[in-house]
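Peer 1: Questions regarding the structure given below will be posed in turn.
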Amino acid sequence: MSNYLIKRASAFGNLSGNYKKPSVCPHCGFGTDAPVAKKDTYSFNGHYLLIATCTCTSCGKTFFFACEYDSGKTDYEPIIYPSIAFKPYSNDVLRKISPRFIDMYNQALQSEFHKNIELAAVGYRSALEILVKDYAINELGQNQEEVSSKKLCAAIGTYLKQEDLMKTADVVRILGNDYTHYERKYPQHDFELLKGYMDIFLKQIEVQYMVNHPPVSRTP
Ligand SMILES: [Zn+2]
């Protein structure tokens, strides 16, 4: 998840130790160890500034970074141009089921983008609750009041009939709940795991929707 790679400073000349190189393309968000196109160093007051342009291996666009170098320590974070901007998530299928989910999920993504991991985890859990409940109401035609009054755990058990849907949602629910507790029970199950299962769950719901709404079907 880190936005940087630790690389040898010797790539910039006779320098020992390491520096931090951006590992995410600011144009397309692809994780990359982008080949350096041009590089240079500037020295000032015994410090160096390592500067380079890199070409993304995914989108082919060029970005620039500059990183202060001090005896090969990696205390300094590089600046990058263009700056990495948050790209909102969109999904036309899931939006049909729950526009509110898309909004909440983007809030969680933004928290993660700003490295507010605990807030993001709680946000993903809330987004899951919104999606499960809107899926029950809008897709399965369940009674709105009944669905709203259910706790997330009960809603998952009642409305997500398929075993794999239920299991995936439960992982996000349990790990997300853990982040809301003062004392965490599953610290070993980290944020990446929660996110991974969230991704699987979104795909599963998307598949369900597409199966239930085929664009064409055989004529009798
Ligand atoms: Zn790129």
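Each chain in the structure tokens gets a letter, A, B, ..., in the order shown, and its residues are numbered from 1; ligands are numbered from 1 in order too.
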As a list of chain:residue names, please: every protein or nucleic acid residue near ligand 1 (cut-off 12 Å, counting only C-alpha atoms and all ligand atoms).

Peer 2: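 The residues near ligand 1 are A:Pro22, A:Ser23, A:Val24, A:Cys25, A:Pro26, A:His27, A:Cys28, A:Gly29, A:Phe30, A:Gly31, A:Thr32, A:Asp33, A:Ala34, A:Pro35, A:Cys54, A:Thr55, A:Cys56, A:Thr57, A:Ser58, A:Cys59, A:Gly60, A:Lys61, A:Thr62, A:Phe63, A:Pro82, A:Ile84.
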
Peer 1: I need the chosen residues saved as a PDB file, in the first residue's frame, with C-alpha atoms.

Peer 2:
ATOM      1  CA  PRO A  22       7.277   7.252  -5.933  1.00  0.00           C
ATOM      2  CA  SER A  23       5.697   3.879  -6.719  1.00  0.00           C
ATOM      3  CA  VAL A  24       2.286   5.044  -7.912  1.00  0.00           C
ATOM      4  CA  CYS A  25       1.754   6.732 -11.259  1.00  0.00           C
ATOM      5  CA  PRO A  26      -0.038  10.075 -10.645  1.00  0.00           C
ATOM      6  CA  HIS A  27      -1.735   9.829 -14.042  1.00  0.00           C
ATOM      7  CA  CYS A  28      -3.323   6.388 -13.863  1.00  0.00           C
ATOM      8  CA  GLY A  29      -2.776   5.196 -10.271  1.00  0.00           C
ATOM      9  CA  PHE A  30      -0.872   2.104 -11.423  1.00  0.00           C
ATOM     10  CA  GLY A  31       1.696   0.722  -8.974  1.00  0.00           C
ATOM     11  CA  THR A  32       4.969   0.936 -10.837  1.00  0.00           C
ATOM     12  CA  ASP A  33       8.733   0.959 -10.527  1.00  0.00           C
ATOM     13  CA  ALA A  34       8.786   3.365 -13.446  1.00  0.00           C
ATOM     14  CA  PRO A  35      11.957   3.475 -15.526  1.00  0.00           C
ATOM     15  CA  CYS A  54       9.924   8.598 -15.038  1.00  0.00           C
ATOM     16  CA  THR A  55       7.765   6.911 -17.609  1.00  0.00           C
ATOM     17  CA  CYS A  56       4.837   4.843 -16.311  1.00  0.00           C
ATOM     18  CA  THR A  57       4.931   1.242 -17.566  1.00  0.00           C
ATOM     19  CA  SER A  58       1.117   1.157 -17.646  1.00  0.00           C
ATOM     20  CA  CYS A  59      -0.105   4.402 -19.260  1.00  0.00           C
ATOM     21  CA  GLY A  60       3.196   5.504 -20.810  1.00  0.00           C
ATOM     22  CA  LYS A  61       2.889   9.039 -19.425  1.00  0.00           C
ATOM     23  CA  THR A  62       5.774  10.838 -17.773  1.00  0.00           C
ATOM     24  CA  PHE A  63       5.859  12.159 -14.244  1.00  0.00           C
ATOM     25  CA  PRO A  82       1.497  16.066 -11.263  1.00  0.00           C
ATOM     26  CA  ILE A  84      -1.539  12.324  -7.018  1.00  0.00           C
TER      27      ILE A  84
END

Peer 1: Got a sec: who's within 8 Å of range 159-170 of chain A, counting only C-alpha atoms, leaving out chain neighbours fewer than 2 positions off, as an MDAnalysis selection string?

Peer 2: chainID A and resid 128 132 136 153 155:157 172:174 197:198 200:201 204:205

Peer 1: Suppose we keep N, CA and C atoms; can you now write the selection as a PDB file, in the first residue's frame?

Peer 2:
ATOM      1  N   LEU A 128     -20.702  -1.243   3.452  1.00  0.00           N
ATOM      2  CA  LEU A 128     -21.211  -2.615   3.301  1.00  0.00           C
ATOM      3  C   LEU A 128     -22.656  -2.701   3.796  1.00  0.00           C
ATOM      4  N   VAL A 132     -25.789  -3.852   1.512  1.00  0.00           N
ATOM      5  CA  VAL A 132     -26.563  -5.057   1.842  1.00  0.00           C
ATOM      6  C   VAL A 132     -28.044  -4.705   1.987  1.00  0.00           C
ATOM      7  N   ALA A 136     -31.219  -5.638  -0.480  1.00  0.00           N
ATOM      8  CA  ALA A 136     -32.413  -6.351   0.006  1.00  0.00           C
ATOM      9  C   ALA A 136     -33.684  -5.618  -0.407  1.00  0.00           C
ATOM     10  N   CYS A 153     -25.468  -7.801  10.996  1.00  0.00           N
ATOM     11  CA  CYS A 153     -25.249  -9.254  11.097  1.00  0.00           C
ATOM     12  C   CYS A 153     -26.517 -10.022  10.700  1.00  0.00           C
ATOM     13  N   ALA A 155     -29.061  -8.815   8.967  1.00  0.00           N
ATOM     14  CA  ALA A 155     -29.411  -8.506   7.577  1.00  0.00           C
ATOM     15  C   ALA A 155     -28.637  -9.410   6.621  1.00  0.00           C
ATOM     16  N   ILE A 156     -27.357  -9.603   6.905  1.00  0.00           N
ATOM     17  CA  ILE A 156     -26.542 -10.478   6.052  1.00  0.00           C
ATOM     18  C   ILE A 156     -27.094 -11.898   6.094  1.00  0.00           C
ATOM     19  N   GLY A 157     -27.398 -12.375   7.303  1.00  0.00           N
ATOM     20  CA  GLY A 157     -27.917 -13.736   7.472  1.00  0.00           C
ATOM     21  C   GLY A 157     -29.262 -13.932   6.793  1.00  0.00           C
ATOM     22  N   VAL A 172     -15.917  -8.741   6.094  1.00  0.00           N
ATOM     23  CA  VAL A 172     -15.857  -7.272   6.127  1.00  0.00           C
ATOM     24  C   VAL A 172     -16.549  -6.754   7.388  1.00  0.00           C
ATOM     25  N   ARG A 173     -17.689  -7.343   7.717  1.00  0.00           N
ATOM     26  CA  ARG A 173     -18.444  -6.905   8.901  1.00  0.00           C
ATOM     27  C   ARG A 173     -17.623  -7.093  10.175  1.00  0.00           C
ATOM     28  N   ILE A 174     -17.053  -8.292  10.344  1.00  0.00           N
ATOM     29  CA  ILE A 174     -16.336  -8.610  11.584  1.00  0.00           C
ATOM     30  C   ILE A 174     -15.061  -7.764  11.707  1.00  0.00           C
ATOM     31  N   TYR A 197     -11.573  -8.460   0.897  1.00  0.00           N
ATOM     32  CA  TYR A 197     -12.894  -9.089   0.951  1.00  0.00           C
ATOM     33  C   TYR A 197     -13.996  -8.129   0.514  1.00  0.00           C
ATOM     34  N   MET A 198     -13.805  -6.851   0.779  1.00  0.00           N
ATOM     35  CA  MET A 198     -14.772  -5.850   0.313  1.00  0.00           C
ATOM     36  C   MET A 198     -14.824  -5.886  -1.220  1.00  0.00           C
ATOM     37  N   ILE A 200     -14.065  -8.386  -3.181  1.00  0.00           N
ATOM     38  CA  ILE A 200     -14.722  -9.628  -3.615  1.00  0.00           C
ATOM     39  C   ILE A 200     -16.240  -9.475  -3.491  1.00  0.00           C
ATOM     40  N   PHE A 201     -16.679  -8.908  -2.370  1.00  0.00           N
ATOM     41  CA  PHE A 201     -18.115  -8.762  -2.139  1.00  0.00           C
ATOM     42  C   PHE A 201     -18.768  -7.883  -3.213  1.00  0.00           C
ATOM     43  N   GLN A 204     -19.172  -9.839  -6.310  1.00  0.00           N
ATOM     44  CA  GLN A 204     -20.246 -10.837  -6.183  1.00  0.00           C
ATOM     45  C   GLN A 204     -21.630 -10.198  -6.358  1.00  0.00           C
ATOM     46  N   ILE A 205     -21.824  -9.033  -5.741  1.00  0.00           N
ATOM     47  CA  ILE A 205     -23.111  -8.339  -5.864  1.00  0.00           C
ATOM     48  C   ILE A 205     -23.337  -7.908  -7.315  1.00  0.00           C
TER      49      ILE A 205
END

Peer 1: Go through A:Met210, A:Ala121, A:Leu193, A:Leu49 one by one, measure the shortest atom-to-atom distance of each to Lys96 in chain A using only C-alpha atoms, and give the residue with the smallest value.

Peer 2: A:Met210

Peer 1: Taking 4 positions as the minimum chain separation for residues in the same chain, which residues sit within 10 Å of Asn177 in chain A when counting only C-alpha atoms? Answer as a list in words.

Peer 2: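 My reading of the contact set: Ala121, Val122, Arg125, Ser126, Val171, Val172, Arg173, His181, Arg184, Lys185 and Tyr186 of chain A.
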
Peer 1: Mind checking which residues fall within 8 Å of Gly123 in chain A, counting only C-alpha atoms, ignoring those fewer than 2 positions away in the same chain, and posting them as a list in words?

Peer 2: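 The filter keeps Met104, Tyr105, Gln107, Ala108, Leu119, Ala120, Ala121, Arg125, Ser126 and Ala127 of chain A.
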
Peer 1: In range 70-183 of chain A, what's alpha helix (DSSP H) per DSSP? Answer as an MDAnalysis selection string?

Peer 2: chainID A and resid 92:97 99:113 117:134 144:149 152:159 163:180

Peer 1: Give the strand (DSSP E or B) residues of chain A, as DSSP finds them on the backbone, and put them as a PyMOL selection string.

Peer 2: chain A and resi 4-8+18-22+24+31+36-44+47-55+62-69+79-81

Peer 1: From the set A:Tyr19, A:Phe44, A:Tyr69, A:Tyr179, which residue has the shortest atom-to-atom contact distance to Asn116 in chain A, counting only C-alpha atoms?

Peer 2: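 For Asn116 in chain A, the nearest of the given residues is A:Tyr179.
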
Peer 1: Quick one, how far is CA of Phe12 in chain A from CA of Lys38 in chain A?

Peer 2: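 Answer for the CA of Phe12 in chain A to CA of Lys38 in chain A separation: 10.3 Å.
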
Peer 1: Skipping near chain neighbours, those fewer than 5 positions away, what residues fall within 12 Å of Val93 in chain A using only C-alpha atoms, listed as a list in words?

Peer 2: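 Close residues of Val93 in chain A: Ser98, Pro99, Phe101, Ile102, Leu131, Tyr135, Glu139, Leu202, Lys203, Gln204, Ile205, Glu206, Val207, Gln208, Tyr209, Met210, Val211, Asn212 and His213 of chain A.
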
Peer 1: Extract, using only C-alpha atoms, all DNA, RNA and protein residues at most 12 Å from Thr41 in chain A, discarding same-chain residues fewer than 5 positions from it, and format them as a PyMOL selection string.

Peer 2: chain A and resi 9-15+47-52+65-69

Peer 1: Would you save the residues from that selection as a CSV table (one decimal), in the first residue's frame, using C-alpha atoms?

Peer 2:
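Dumped to result_20.csv:
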chain,number,residue,atom,x,y,z
A,9,ALA,CA,20.8,6.4,-4.3
A,10,SER,CA,23.8,5.2,-6.3
A,11,ALA,CA,21.5,5.4,-9.4
A,12,PHE,CA,22.1,9.2,-9.1
A,13,GLY,CA,25.8,9.0,-8.9
A,14,ASN,CA,28.4,8.5,-6.2
A,15,LEU,CA,25.8,8.4,-3.3
A,47,HIS,CA,22.3,18.1,1.1
A,48,TYR,CA,21.3,16.8,-2.3
A,49,LEU,CA,18.2,17.0,-4.2
A,50,LEU,CA,17.6,14.0,-6.5
A,51,ILE,CA,15.3,14.8,-9.4
A,52,ALA,CA,14.0,12.6,-12.2
A,65,PHE,CA,9.7,13.6,-8.8
A,66,ALA,CA,12.3,15.3,-6.5
A,67,CYS,CA,13.5,13.8,-3.3
A,68,GLU,CA,15.9,15.3,-0.7
A,69,TYR,CA,18.9,13.1,0.0

Peer 1: Could you tell me how far CA of Leu109 in chain A sits from CA of Tyr76 in chain A, in Å to one decimal place?

Peer 2: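 Spanning CA of Tyr76 in chain A to CA of Leu109 in chain A is a straight-line distance of 25.2 Å.
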